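All remarks here apply to the structure that follows.
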Amino acid sequence: MTAPARARGSEELIRAEEPVLAHNYHPLPVVVARAEGAWVEDVEGRRYLDMLAGYSALNFGHRHPALTEAAHRQLDRLTLTSRAFHNDRLASFAERLAALTGTDMVLPMNTGAEAVESGIKVARKWAYDVKGVPRDAATIVVAADNFHGRTTTIVGFSTDETARSGFGPFAPGFRIVPYNDLAALRAAVDETTAAVLIEPIQGEAGVNIPDDGYLTGVRELTRRAGCLFIADEIQSGLGRTGRTLAVEHESVVPDLVLLGKALGGGIVPVSAVVGRREVLGVLHPGEHGSTFGGNPLAAAVGTAVVELLETGEFQRRATELGAVLREGLAALVGKGVVGFRARGLWAGVDVDPALGTGREVSERLMREGILVKDTHDSTIRLAPPLTVTGAELEGALGTLEKVLTS
């Protein structure tokens, strides 16, 4: 009889990863084994409040019962057909997602980066077939400090040298302008412009929120210029900011919206491009696809996610608890916090550099049972599941004050 495998502890598991995993991440030294709601537990049984929520992939918390039930039901029926055939879950998913987002059509994919790449392809095809841009001359305007993914095309128009250095040559056809600068955007758009691609809120850059009127200005500018407005809502969308989509804070309707992360409920990777029929309709069979895009397991989970959002409960929670988050952070300004930006249950917190880097602050919080992640310099991000309670949120803010003032 084979003896049961010996359970390995956190330190041993972390050491075991070193020789066999590519070193493309620098995780906090915590090894999660179980999770439920807003809480995770490591292999030794220590519990932590998850204040990152998988970069918004876990908007509904870990193992939300409605989502795990949908996944279990579908696992017992059908998981994959490829798009060579139809499946009985895809139509309902597309109908419900289009209705939720107020759009006409859905292009299902898997990861956020695939959604961005798909949006780029659709915009270029539209530019050639509809706008009449000369073949291979289309340009797309993007914002500095963007984060749209890690593919070679996408990092080619990043301004983060860590993301792009050593991965060229890069695809041409992109123009970079400062974020939140309508004059610079206006100067960059011309007759070759297929689209303006921006994040309504820049997450990786530290939850950068543009001035009121910026998104409205982008929409008006692109409409007058005869080009598309593509909103990357992969992190900001699906309830995170207190609205289904962050662009709704300015009542803006883009031509295409890119979705991902929370669309898979933290269970399977699901992404989508949603938008106007006149734009997504430029694709024809054979021009774009994905073996797993729109698979029945993803469609079942995605439909369950849409059902949760249709109630409005999570948007309301993000709004109400977002007020608690902002109030708590405001009280910490001058107590180790030098500034913050917040919308809904999402905040970028700038810590006094004299107290440590964002990484060091994140490690201190981890030791106190709170999981966050740093971004640049001394900035940390807070994005708890939308299922977090007010008491849990206040407890996390109290722990942040303790870490910064002790």
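Ligands are numbered from 1 in the order shown, chains are lettered A, B, ... in the order of the structure tokens, and residues start at 1 in each chain.
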Please return as a list in words: the residues of stretch 19-141 of chain A that backbone DSSP assigns to strand (DSSP E). Val32, Ala33, Arg34, Ala35, Glu36, Trp39, Val40, Glu41, Asp42, Arg47, Tyr48, Leu49, Asp50, Met105, Val106, Leu107, Pro108, Met109, Thr139, Ile140 and Val141 of chain A
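Around A:Leu259, within 6 Å and counting only C-alpha atoms, the residues found are Glu233, Ile234, Ser271 and Ala272 of chain A, once anything fewer than 2 positions away on its own chain is removed.
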Suppose we keep all heavy atoms; can you now write the selection as an mmCIF file, in the first residue's frame?
```cif
data_model
loop_
_atom_site.group_PDB
_atom_site.id
_atom_site.type_symbol
_atom_site.label_atom_id
_atom_site.label_comp_id
_atom_site.auth_asym_id
_atom_site.auth_seq_id
_atom_site.Cartn_x
_atom_site.Cartn_y
_atom_site.Cartn_z
ATOM 1 N N GLU A 233 -12.723 47.671 -19.340
ATOM 2 C CA GLU A 233 -13.366 47.562 -18.024
ATOM 3 C C GLU A 233 -13.049 46.211 -17.376
ATOM 4 O O GLU A 233 -13.817 45.715 -16.555
ATOM 5 C CB GLU A 233 -14.884 47.732 -18.173
ATOM 6 C CG GLU A 233 -15.312 49.103 -18.627
ATOM 7 C CD GLU A 233 -15.898 49.947 -17.498
ATOM 8 O OE1 GLU A 233 -15.695 49.576 -16.313
ATOM 9 O OE2 GLU A 233 -16.543 50.957 -17.793
ATOM 10 N N ILE A 234 -11.912 45.631 -17.733
ATOM 11 C CA ILE A 234 -11.579 44.302 -17.223
ATOM 12 C C ILE A 234 -11.417 44.320 -15.707
ATOM 13 O O ILE A 234 -11.843 43.389 -15.022
ATOM 14 C CB ILE A 234 -10.329 43.763 -17.945
ATOM 15 C CG1 ILE A 234 -10.683 43.460 -19.412
ATOM 16 C CG2 ILE A 234 -9.785 42.513 -17.263
ATOM 17 C CD1 ILE A 234 -9.491 43.272 -20.312
ATOM 18 N N SER A 271 -13.745 36.058 -20.613
ATOM 19 C CA SER A 271 -13.691 37.457 -21.020
ATOM 20 C C SER A 271 -14.606 37.652 -22.209
ATOM 21 O O SER A 271 -15.122 36.693 -22.787
ATOM 22 C CB SER A 271 -12.253 37.883 -21.358
ATOM 23 O OG SER A 271 -11.790 37.218 -22.527
ATOM 24 N N ALA A 272 -14.814 38.910 -22.552
ATOM 25 C CA ALA A 272 -15.707 39.205 -23.674
ATOM 26 C C ALA A 272 -15.475 40.617 -24.174
ATOM 27 O O ALA A 272 -15.093 41.510 -23.410
ATOM 28 C CB ALA A 272 -17.172 39.037 -23.259
#
```
Run DSSP on the backbone and give me the residues of stretch 213-372 of chain A it puts in alpha helix (DSSP H), as a ChimeraX atom specification. /A:214-225,277-280,296-310,313-332,358-367
Within 7 Å of stretch 156-165 of chain A, counting only C-alpha atoms, which residues qualify if same-chain residues fewer than 5 places away don't, as a VMD selection string? chain A and resid 144 to 147 170 to 171 174
Residue contacts of A:Val141 (7 Å, only C-alpha atoms) excluding same-chain residues fewer than 4 positions away, as a ChimeraX atom specification: /A:174-176,195-197
Selection from above, N, CA and C atoms, as a CSV table (one decimal), in the first residue's frame, can you write it?
```csv
chain,number,residue,atom,x,y,z
A,174,PHE,N,0.4,52.3,-32.9
A,174,PHE,CA,-0.2,52.8,-31.6
A,174,PHE,C,0.4,54.1,-31.3
A,175,ARG,N,-0.4,55.0,-30.8
A,175,ARG,CA,0.1,56.4,-30.4
A,175,ARG,C,-0.3,56.5,-28.9
A,176,ILE,N,0.7,57.0,-28.1
A,176,ILE,CA,0.5,57.1,-26.7
A,176,ILE,C,0.4,58.5,-26.3
A,195,ALA,N,-9.4,53.7,-33.3
A,195,ALA,CA,-10.0,53.7,-32.0
A,195,ALA,C,-9.1,54.4,-31.0
A,196,VAL,N,-9.8,54.9,-29.9
A,196,VAL,CA,-9.1,55.3,-28.7
A,196,VAL,C,-9.4,54.2,-27.6
A,197,LEU,N,-8.4,53.6,-27.1
A,197,LEU,CA,-8.5,52.5,-26.1
A,197,LEU,C,-8.0,53.0,-24.8
```
May I have the residues within 9 Å of stretch 51-59 of chain A as number ranges by chain, using only C-alpha atoms and disregarding those fewer than 6 positions away in the same chain? A: 38-39, 203, 234-240, 260-267, 269, 314, 370-373, 381-388, 393, 396
Selection: 12 Å around A:Phe292, only C-alpha atoms, excl. self and same-chain fewer than 2 positions, as a list in words: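 The residues that qualify are Thr79, Leu80, Thr81, Ser82, Arg83, Ala84, Phe85, Asn87, Leu90, Pro108, Met109, Asn110, Thr111, Glu114, Val268, Pro269, Val270, Ser271, Gly289, Ser290, Gly294, Asn295, Pro296, Leu297, Ala298 and Ala299 of chain A.
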Nearest residue to A:Leu325 out of A:His376, A:Pro285, A:Leu397, A:Glu44, using only C-alpha atoms?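 The answer is A:Leu397, which sits nearest to A:Leu325.
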Can you pull out every residue within 10 Å of A:Phe229, counting only C-alpha atoms, but drop anything in the same chain fewer than 6 positions away, and send it as a list of chain:residue names? A:Ala123, A:Val141, A:Ala194, A:Ala195, A:Val196, A:Leu197, A:Ile198, A:Leu215, A:Val218, A:Arg219, A:Glu220, A:Leu221, A:Thr222, A:Arg223, A:Val253, A:Pro254, A:Asp255, A:Leu256, A:Val257
Store the residues of this selection in a file with N, CA, C and O atoms, as a compact mmCIF listing (two decimals), in the first residue's frame.
```txt
# COMPACT_ATOMS: atom_id res chain seq x y z
N ALA A 123 -11.32 46.66 -34.06
CA ALA A 123 -11.19 48.08 -34.40
C ALA A 123 -10.48 48.28 -35.73
O ALA A 123 -10.88 49.11 -36.56
N VAL A 141 -5.07 54.98 -30.51
CA VAL A 141 -4.51 55.88 -29.51
C VAL A 141 -4.75 55.29 -28.13
O VAL A 141 -5.88 54.88 -27.81
N ALA A 194 -8.36 54.36 -35.81
CA ALA A 194 -9.44 53.38 -35.72
C ALA A 194 -10.17 53.49 -34.40
O ALA A 194 -11.40 53.36 -34.34
N ALA A 195 -9.41 53.73 -33.31
CA ALA A 195 -10.02 53.72 -31.98
C ALA A 195 -9.15 54.43 -30.97
O ALA A 195 -7.93 54.56 -31.15
N VAL A 196 -9.79 54.87 -29.91
CA VAL A 196 -9.12 55.30 -28.69
C VAL A 196 -9.41 54.22 -27.65
O VAL A 196 -10.57 53.91 -27.36
N LEU A 197 -8.37 53.64 -27.10
CA LEU A 197 -8.47 52.55 -26.13
C LEU A 197 -7.97 53.04 -24.78
O LEU A 197 -6.79 53.37 -24.64
N ILE A 198 -8.87 53.12 -23.79
CA ILE A 198 -8.45 53.57 -22.47
C ILE A 198 -9.15 52.78 -21.38
O ILE A 198 -10.20 52.17 -21.60
N LEU A 215 -14.18 61.23 -19.48
CA LEU A 215 -14.76 60.16 -20.29
C LEU A 215 -15.81 60.71 -21.26
O LEU A 215 -15.90 60.26 -22.40
N VAL A 218 -13.85 62.13 -24.07
CA VAL A 218 -13.34 61.09 -24.97
C VAL A 218 -14.45 60.63 -25.91
O VAL A 218 -14.24 60.46 -27.12
N ARG A 219 -15.64 60.43 -25.36
CA ARG A 219 -16.76 59.97 -26.18
C ARG A 219 -17.10 61.00 -27.26
O ARG A 219 -17.32 60.64 -28.43
N GLU A 220 -17.16 62.27 -26.90
CA GLU A 220 -17.51 63.30 -27.87
C GLU A 220 -16.41 63.45 -28.91
O GLU A 220 -16.68 63.61 -30.11
N LEU A 221 -15.17 63.39 -28.47
CA LEU A 221 -14.04 63.53 -29.40
C LEU A 221 -14.04 62.40 -30.42
O LEU A 221 -13.86 62.64 -31.63
N THR A 222 -14.21 61.18 -29.96
CA THR A 222 -14.19 60.04 -30.89
C THR A 222 -15.38 60.07 -31.83
O THR A 222 -15.27 59.71 -33.01
N ARG A 223 -16.53 60.51 -31.32
CA ARG A 223 -17.70 60.61 -32.20
C ARG A 223 -17.47 61.62 -33.31
O ARG A 223 -17.78 61.36 -34.48
N VAL A 253 -21.48 55.84 -23.20
CA VAL A 253 -21.67 54.55 -23.87
C VAL A 253 -20.57 54.38 -24.92
O VAL A 253 -20.63 54.99 -25.99
N PRO A 254 -19.55 53.57 -24.65
CA PRO A 254 -18.50 53.33 -25.63
C PRO A 254 -19.02 52.48 -26.80
O PRO A 254 -20.10 51.89 -26.73
N ASP A 255 -18.22 52.38 -27.84
CA ASP A 255 -18.57 51.51 -28.97
C ASP A 255 -18.28 50.05 -28.63
O ASP A 255 -19.03 49.15 -29.03
N LEU A 256 -17.19 49.82 -27.91
CA LEU A 256 -16.83 48.49 -27.45
C LEU A 256 -16.42 48.56 -25.99
O LEU A 256 -15.78 49.53 -25.57
N VAL A 257 -16.77 47.54 -25.23
CA VAL A 257 -16.34 47.42 -23.84
C VAL A 257 -15.66 46.07 -23.68
O VAL A 257 -16.16 45.04 -24.16
```
Tell me which of A:Ile380, A:Gly293, A:Leu245, A:His86 sits closest to A:Glu363, counting only C-alpha atoms.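 Closest to A:Glu363, using only C-alpha atoms: A:Ile380.
Here atom CA of A:Val247 and atom CA of A:Arg316 stand 16.2 Å from one another.
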Report the distance between atom CA of A:Val106 and atom CA of A:Val274 in Å, rounded to one decimal place. 4.5 Å
So which one's closest to A:Ser362, A:Glu307, A:Asp50, A:Glu287, A:Glu320? Using only C-alpha atoms, please.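 Distance minimum relative to A:Ser362 lands on A:Asp50.
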Could you check which of A:Ala91, A:Ala115, A:Ile230, A:Ala318 is closest to A:Leu345, using only C-alpha atoms? A:Ala318
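Atom CA of A:Asp232 is positioned 4.8 Å from atom CA of A:Leu258.
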With distances taken over only C-alpha atoms, which residue among A:Lys402, A:Arg73, A:His284, A:Arg224 lies nearest A:Lys335?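 Between A:Lys402, A:Arg73, A:His284, A:Arg224, the residue approaching A:Lys335 most closely is A:Lys402.
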